[in-house]
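Novice: This is the structure, below, for whatever I ask next.
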Amino acid sequence: MRPLLSRPLALSLALPVILAACSGDAPPPAPPPPEVTVVTLASQPVTIERELAGRTSPFLIAEVRPQVNGIVKRRLFEEGSVVQAGQPLYQLDDASYRADHGTAQASLARARATAEAARLTARRTAELVRTSAISRQDNDNAIAAQRQAEADVKAASAMVAGTRVQLDRARIVAPIGGRIGKSSVTQGALVTANQAAALATVQQLDPIYVDVTQSSSELLRLRRELAAGNLERNGSPPVTILLEDGSEFSHKGTLEFSEVSVDPGTGSYHLRIRVDNPEHILMPGMYVRAVLDAGMRQDAILAPMQGIARDPKGNTTAMVVNAEGVVEQRPVVVSQTIGDQWLVESGLAAGDRVVVEGLQKIAPGATVKVTEKARSPRQPAAAADAADAAANDAAEAAATPAPAAQE
């Protein structure tokens with residue numbers, strides 16, 4: 001007869017069987033919802049700016065050319081220096097012009113002497129004709145000779161003035177004040193009046209112009225927004241100039257005018273900005289960018305760049321968490337960047353919670369746990385209040401106990 005098992009040993013062998021029978025096929029516990037970080041949007045006044053590329057051009061520019069023929073005797077300026085209007089630049093050999101001027105002065109002196117003799121003769125004949133010592137014909141001839149002599153004086157004076165002009169033009173002066181470039185001729189070179197090649201170029205760089213272009217389609221869009229009341233004019237705000245390295249120029253500009261016609265080849269029109277340039281940092285032909293104020297939008301919606309996605313077709317979307325904590329995918333239309341945010345035209349509204357972190361863990365229709373992004377120092381008060389309200393609603397929803405499952 002086999003021995004009976006002891007009671008403790010029997011219980012230890014039967015316990016696993018009992019536990020397995022009690023456990024059955026119970027499912028594992030559900031994973032917690034993924035955590036995402038959101039930004040609550042709010043409407044705010046935003047200045048709409050447009051950044052346009054362009055190049056600088058001189059305020060005034062003059063090409064120095066000779067107005068008389070001659071040999072360059074001396075160059076009277078330093079290349080690259082600043083010259084004043086009327087400052088001598090070149091001295092031509094003026095010997096022939098001096099001789100012509102001297103001849104004209106001598107002719108003037110002779111004409112004046114002749115005119116003086118004719119005047120005395122006419123005065124004497126006027127006295128004699130009263131006593132009938134001479135005929136009236138002789139008196140008339142004397143008066144005509146006097147007038148002819150006076151006309152000769154005027155002609156000689158004009159000749160002196162003309163030769164003086166030619167003599168003065170042998171000394172070439174700066175037509176405007178500004179910075180002068182290199183000289184194209186040296187001492188001993190022969191120059192001719194009104195020649196095609198300039199001797200040098202003078203450019204006034206303070207102030208200086210910035211010429212930029214803007215598309216006509218954008219101009220039409222801005223005009224429509226102004227007409228609809230979506231934008232408000234800010235008067236004539238100053239224009240910010242950005243240099244080639246991205247730094248901001250120390251002086252602001254003023255919009256001088258915009259072209260009245262559109263270039264048919266490019267579909268754009270020109271704008272000219274005037275900028276003070278006392279340090280001559282801006283040079284002609286330099287590439288710069290101008291930031292123009294297009295107007296103020298009072299109820300603008302700005303969305304973080306991290307929350308806006310773009311598909312291969314160029315369509316933009318955003319992941320939004322609704323009031324039930326469920327993720328929705330929204331098609332969004334954005335127009336331009338303002339800082340590190342997109343200006344939203346449609347698809348999002350104030351109070352929407354846009355997901356900015358944890359996008360790789362979610363999909364449309366997923367239930368998520370929301371964490372509000374830390375408040376930015378530049379975040380407007382309206383956005384901050386909306387974010388606090390959303391955070392409080394989420395906390396209350398999390399604290400509410402779930403209803404018990406029916407057996």
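We name chains A, B, ... following the order of the structure tokens; residues begin at 1 in each chain, and ligands are numbered from 1 as shown.
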For stretch 313-328 of chain A, work out the shell of residues within 9 Å, counting only C-alpha atoms and skipping chain neighbours fewer than 2 positions away, then give it as a PDB file with N, CA and C atoms, in the first residue's frame.

Specialist:
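Writing done, so here's selection28.pdb:
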ATOM      1  N   VAL A  38       1.236  71.626 -25.881  1.00  0.00           N
ATOM      2  CA  VAL A  38       0.415  72.444 -26.767  1.00  0.00           C
ATOM      3  C   VAL A  38       0.653  73.920 -26.475  1.00  0.00           C
ATOM      4  N   GLY A 307       4.294  73.772 -34.816  1.00  0.00           N
ATOM      5  CA  GLY A 307       2.973  73.152 -34.890  1.00  0.00           C
ATOM      6  C   GLY A 307       2.392  73.105 -36.284  1.00  0.00           C
ATOM      7  N   ILE A 308       3.079  73.653 -37.288  1.00  0.00           N
ATOM      8  CA  ILE A 308       2.571  73.677 -38.653  1.00  0.00           C
ATOM      9  C   ILE A 308       3.402  72.716 -39.497  1.00  0.00           C
ATOM     10  N   ALA A 309       2.743  71.748 -40.119  1.00  0.00           N
ATOM     11  CA  ALA A 309       3.420  70.764 -40.970  1.00  0.00           C
ATOM     12  C   ALA A 309       3.028  71.003 -42.416  1.00  0.00           C
ATOM     13  N   ARG A 310       3.940  70.645 -43.327  1.00  0.00           N
ATOM     14  CA  ARG A 310       3.703  70.833 -44.754  1.00  0.00           C
ATOM     15  C   ARG A 310       3.943  69.505 -45.469  1.00  0.00           C
ATOM     16  N   ASP A 311       2.980  69.090 -46.312  1.00  0.00           N
ATOM     17  CA  ASP A 311       3.126  67.826 -47.031  1.00  0.00           C
ATOM     18  C   ASP A 311       3.856  68.052 -48.355  1.00  0.00           C
ATOM     19  N   ARG A 330      -6.119  69.630 -38.705  1.00  0.00           N
ATOM     20  CA  ARG A 330      -6.797  70.743 -39.358  1.00  0.00           C
ATOM     21  C   ARG A 330      -5.996  71.222 -40.565  1.00  0.00           C
ATOM     22  N   PRO A 331      -6.644  71.421 -41.710  1.00  0.00           N
ATOM     23  CA  PRO A 331      -5.967  72.110 -42.815  1.00  0.00           C
ATOM     24  C   PRO A 331      -5.847  73.599 -42.478  1.00  0.00           C
ATOM     25  N   VAL A 332      -4.690  74.158 -42.715  1.00  0.00           N
ATOM     26  CA  VAL A 332      -4.398  75.541 -42.322  1.00  0.00           C
ATOM     27  C   VAL A 332      -3.824  76.277 -43.523  1.00  0.00           C
ATOM     28  N   VAL A 333      -4.150  77.558 -43.605  1.00  0.00           N
ATOM     29  CA  VAL A 333      -3.566  78.445 -44.619  1.00  0.00           C
ATOM     30  C   VAL A 333      -2.756  79.516 -43.894  1.00  0.00           C
ATOM     31  N   VAL A 334      -1.465  79.574 -44.200  1.00  0.00           N
ATOM     32  CA  VAL A 334      -0.576  80.575 -43.601  1.00  0.00           C
ATOM     33  C   VAL A 334      -0.019  81.442 -44.727  1.00  0.00           C
ATOM     34  N   GLY A 347      -8.224  78.360 -40.840  1.00  0.00           N
ATOM     35  CA  GLY A 347      -8.013  77.018 -40.304  1.00  0.00           C
ATOM     36  C   GLY A 347      -7.847  76.962 -38.810  1.00  0.00           C
ATOM     37  N   LEU A 348      -7.392  78.025 -38.179  1.00  0.00           N
ATOM     38  CA  LEU A 348      -7.211  78.067 -36.736  1.00  0.00           C
ATOM     39  C   LEU A 348      -7.873  79.326 -36.195  1.00  0.00           C
ATOM     40  N   ASP A 352      -7.759  77.661 -29.833  1.00  0.00           N
ATOM     41  CA  ASP A 352      -7.309  76.344 -30.291  1.00  0.00           C
ATOM     42  C   ASP A 352      -5.983  75.986 -29.637  1.00  0.00           C
ATOM     43  N   ARG A 353      -5.871  74.691 -29.285  1.00  0.00           N
ATOM     44  CA  ARG A 353      -4.625  74.194 -28.671  1.00  0.00           C
ATOM     45  C   ARG A 353      -3.857  73.407 -29.728  1.00  0.00           C
ATOM     46  N   VAL A 354      -2.759  73.979 -30.184  1.00  0.00           N
ATOM     47  CA  VAL A 354      -1.947  73.392 -31.245  1.00  0.00           C
ATOM     48  C   VAL A 354      -0.808  72.605 -30.622  1.00  0.00           C
ATOM     49  N   VAL A 355      -0.620  71.371 -31.081  1.00  0.00           N
ATOM     50  CA  VAL A 355       0.445  70.513 -30.563  1.00  0.00           C
ATOM     51  C   VAL A 355       1.775  70.974 -31.158  1.00  0.00           C
ATOM     52  N   VAL A 356       2.759  71.209 -30.295  1.00  0.00           N
ATOM     53  CA  VAL A 356       4.082  71.634 -30.741  1.00  0.00           C
ATOM     54  C   VAL A 356       5.164  70.619 -30.370  1.00  0.00           C
ATOM     55  N   LEU A 359       4.594  65.255 -31.490  1.00  0.00           N
ATOM     56  CA  LEU A 359       3.829  64.967 -32.709  1.00  0.00           C
ATOM     57  C   LEU A 359       4.084  63.564 -33.235  1.00  0.00           C
ATOM     58  N   ILE A 362       1.578  60.740 -31.834  1.00  0.00           N
ATOM     59  CA  ILE A 362       0.121  60.843 -31.922  1.00  0.00           C
ATOM     60  C   ILE A 362      -0.330  60.690 -33.363  1.00  0.00           C
ATOM     61  N   ALA A 363      -1.637  60.508 -33.508  1.00  0.00           N
ATOM     62  CA  ALA A 363      -2.299  60.434 -34.807  1.00  0.00           C
ATOM     63  C   ALA A 363      -3.694  61.022 -34.632  1.00  0.00           C
ATOM     64  N   PRO A 364      -4.352  61.449 -35.712  1.00  0.00           N
ATOM     65  CA  PRO A 364      -5.713  61.976 -35.574  1.00  0.00           C
ATOM     66  C   PRO A 364      -6.640  60.967 -34.906  1.00  0.00           C
ATOM     67  N   GLY A 365      -7.435  61.433 -33.929  1.00  0.00           N
ATOM     68  CA  GLY A 365      -8.353  60.579 -33.190  1.00  0.00           C
ATOM     69  C   GLY A 365      -7.788  60.042 -31.900  1.00  0.00           C
ATOM     70  N   ALA A 366      -6.509  60.240 -31.617  1.00  0.00           N
ATOM     71  CA  ALA A 366      -5.899  59.722 -30.397  1.00  0.00           C
ATOM     72  C   ALA A 366      -6.242  60.622 -29.217  1.00  0.00           C
ATOM     73  N   THR A 367      -6.417  59.987 -28.059  1.00  0.00           N
ATOM     74  CA  THR A 367      -6.629  60.728 -26.814  1.00  0.00           C
ATOM     75  C   THR A 367      -5.275  60.972 -26.166  1.00  0.00           C
ATOM     76  N   VAL A 368      -5.019  62.188 -25.766  1.00  0.00           N
ATOM     77  CA  VAL A 368      -3.688  62.568 -25.275  1.00  0.00           C
ATOM     78  C   VAL A 368      -3.814  63.268 -23.939  1.00  0.00           C
ATOM     79  N   LYS A 369      -2.677  63.308 -23.260  1.00  0.00           N
ATOM     80  CA  LYS A 369      -2.543  64.087 -22.034  1.00  0.00           C
ATOM     81  C   LYS A 369      -1.824  65.384 -22.394  1.00  0.00           C
ATOM     82  N   VAL A 370      -2.440  66.506 -22.042  1.00  0.00           N
ATOM     83  CA  VAL A 370      -1.977  67.812 -22.520  1.00  0.00           C
ATOM     84  C   VAL A 370      -1.148  68.503 -21.461  1.00  0.00           C
ATOM     85  N   ALA A 390      -7.210  76.755 -20.371  1.00  0.00           N
ATOM     86  CA  ALA A 390      -7.158  75.415 -20.952  1.00  0.00           C
ATOM     87  C   ALA A 390      -6.487  74.437 -19.997  1.00  0.00           C
ATOM     88  N   ASP A 393      -8.975  73.528 -17.280  1.00  0.00           N
ATOM     89  CA  ASP A 393      -9.981  72.579 -17.757  1.00  0.00           C
ATOM     90  C   ASP A 393      -9.409  71.174 -17.851  1.00  0.00           C
ATOM     91  N   ALA A 394      -8.163  71.074 -18.332  1.00  0.00           N
ATOM     92  CA  ALA A 394      -7.550  69.754 -18.443  1.00  0.00           C
ATOM     93  C   ALA A 394      -7.339  69.128 -17.065  1.00  0.00           C
ATOM     94  N   ALA A 397     -10.659  67.855 -15.746  1.00  0.00           N
ATOM     95  CA  ALA A 397     -11.073  66.630 -16.432  1.00  0.00           C
ATOM     96  C   ALA A 397     -10.288  65.432 -15.922  1.00  0.00           C
TER      97      ALA A 397
END

Novice: So which residues touch stretch 285-297 of chain A within 8 Å, counting only C-alpha atoms, skipping near sequence neighbours fewer than 2 positions away, as an MDAnalysis selection string?

Specialist: chainID A and resid 45:57 210 212 222 230:234 237:244 282:283 299:300

Novice: From a DSSP pass on the backbone, collect the residues of stretch 12-168 of chain A flagged as alpha helix (DSSP H) and hand them back as a PyMOL selection string.

Specialist: chain A and resi 12-23+95-130+136-168

Novice: Point out the residue among A:Ala189, A:Ala349, A:Ala142, A:Met159 with the least atom-to-atom distance to A:Thr103, counting only C-alpha atoms.

Specialist: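 Among A:Ala189, A:Ala349, A:Ala142, A:Met159, it is A:Met159 that comes nearest to A:Thr103.
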
Novice: Quick one: everything within 12 Å of A:Val165, counting only C-alpha atoms, minus sequence neighbours fewer than 5 positions away in the same chain. Send it as a list in words.

Specialist: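 With the cut-off at 12 Å, the set is Gln67, Val68, Asp94, Tyr97, Arg98, Asp100, His101, Ala158, Met159, Val160, Ala170, Arg171 and Ile172 of chain A.
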
Novice: Can you pull out every residue within 12 Å of A:Ala109, counting only C-alpha atoms, but drop anything in the same chain fewer than 6 positions away, and send it as a PyMOL selection string?

Specialist: chain A and resi 102-103+115-116+149-150+152-157+159-160

Novice: Next, write the just-selected residues to a file, as a PDB file, in the first residue's frame, keeping C-alpha atoms as the atom set.

Specialist:
ATOM      1  CA  GLY A 102      43.564 139.157 -73.923  1.00  0.00           C
ATOM      2  CA  THR A 103      42.654 139.859 -77.541  1.00  0.00           C
ATOM      3  CA  ALA A 115      32.450 155.070 -78.480  1.00  0.00           C
ATOM      4  CA  GLU A 116      33.819 157.913 -76.356  1.00  0.00           C
ATOM      5  CA  ALA A 149      30.128 152.667 -81.357  1.00  0.00           C
ATOM      6  CA  GLU A 150      28.069 151.806 -78.258  1.00  0.00           C
ATOM      7  CA  ASP A 152      30.475 147.723 -80.755  1.00  0.00           C
ATOM      8  CA  VAL A 153      31.271 148.084 -77.057  1.00  0.00           C
ATOM      9  CA  LYS A 154      28.527 145.635 -76.160  1.00  0.00           C
ATOM     10  CA  ALA A 155      29.744 143.147 -78.770  1.00  0.00           C
ATOM     11  CA  ALA A 156      33.302 143.432 -77.492  1.00  0.00           C
ATOM     12  CA  SER A 157      32.071 142.933 -73.921  1.00  0.00           C
ATOM     13  CA  MET A 159      33.448 138.567 -76.667  1.00  0.00           C
ATOM     14  CA  VAL A 160      35.380 139.141 -73.452  1.00  0.00           C
TER      15      VAL A 160
END

Novice: I need the residue nearest A:Gln203 from this list: A:Gln341, A:Gln105, A:Gln84, A:Thr163. Use only C-alpha atoms for the distance.

Specialist: A:Gln84

Novice: In Å, how far is it from atom CA of A:Thr192 to atom CA of A:Ser107?

Specialist: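 Going from atom CA of A:Thr192 over to atom CA of A:Ser107 covers 27.9 Å.
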
Novice: Please report the interatomic distance between atom CA of A:Ala198 and atom CA of A:Glu63 in Å with one decimal.

Specialist: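 These atoms are spaced 5.7 Å apart.
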
Novice: Extract, using only C-alpha atoms, all DNA, RNA and protein residues at most 10 Å from A:Gly339, discarding same-chain residues fewer than 5 positions from it, and format them as JSON, numbers by chain.

Specialist: {"A": [302, 304, 305]}

Novice: Write out the residues from the selection above, keeping C-alpha atoms, as a PDB file, in the first residue's frame.

Specialist:
ATOM      1  CA  LEU A 302      -0.009  83.515 -34.864  1.00  0.00           C
ATOM      2  CA  PRO A 304       4.280  78.398 -33.709  1.00  0.00           C
ATOM      3  CA  MET A 305       6.314  77.031 -36.574  1.00  0.00           C
TER       4      MET A 305
END

Novice: Compare A:Asp138, A:Glu127, A:Glu357, A:Asp211 by their minimum atom-to-atom distance to A:Phe59, counting only C-alpha atoms, and give me the closest one.

Specialist: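 The answer is A:Asp211, which sits nearest to A:Phe59.
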
Novice: A:Thr201: which residues within 8 Å, counting only C-alpha atoms, same-chain residues fewer than 3 positions away excluded, as a ChimeraX atom specification?

Specialist: /A:61-64,180-182,198

Novice: Report the distance between atom CA of A:Ile208 and atom CA of A:Pro58 in Å, rounded to one decimal place.

Specialist: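 Interatomic distance here is 5.3 Å.
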
Novice: DSSP on the backbone: what in stretch 121-271 of chain A comes out strand (DSSP E), as a count of residues only?

Specialist: 37

Novice: May I have a table of the residues of stretch 130-216 of chain A lying at most 7 Å from stretch 72-77 of chain A, giving each one's closest pair of atoms and their distance in Å to one decimal, counting only C-alpha atoms, ordered by chain and ascending residue number, as a Markdown table?

Specialist:
| residue | atom | partner | partner_atom | distance |
| --- | --- | --- | --- | --- |
| A:Gln187 | CA | A:Val72 | CA | 5.1 |
| A:Gly188 | CA | A:Val72 | CA | 5.1 |
| A:Ala189 | CA | A:Val72 | CA | 5.4 |
| A:Leu190 | CA | A:Val72 | CA | 6.4 |
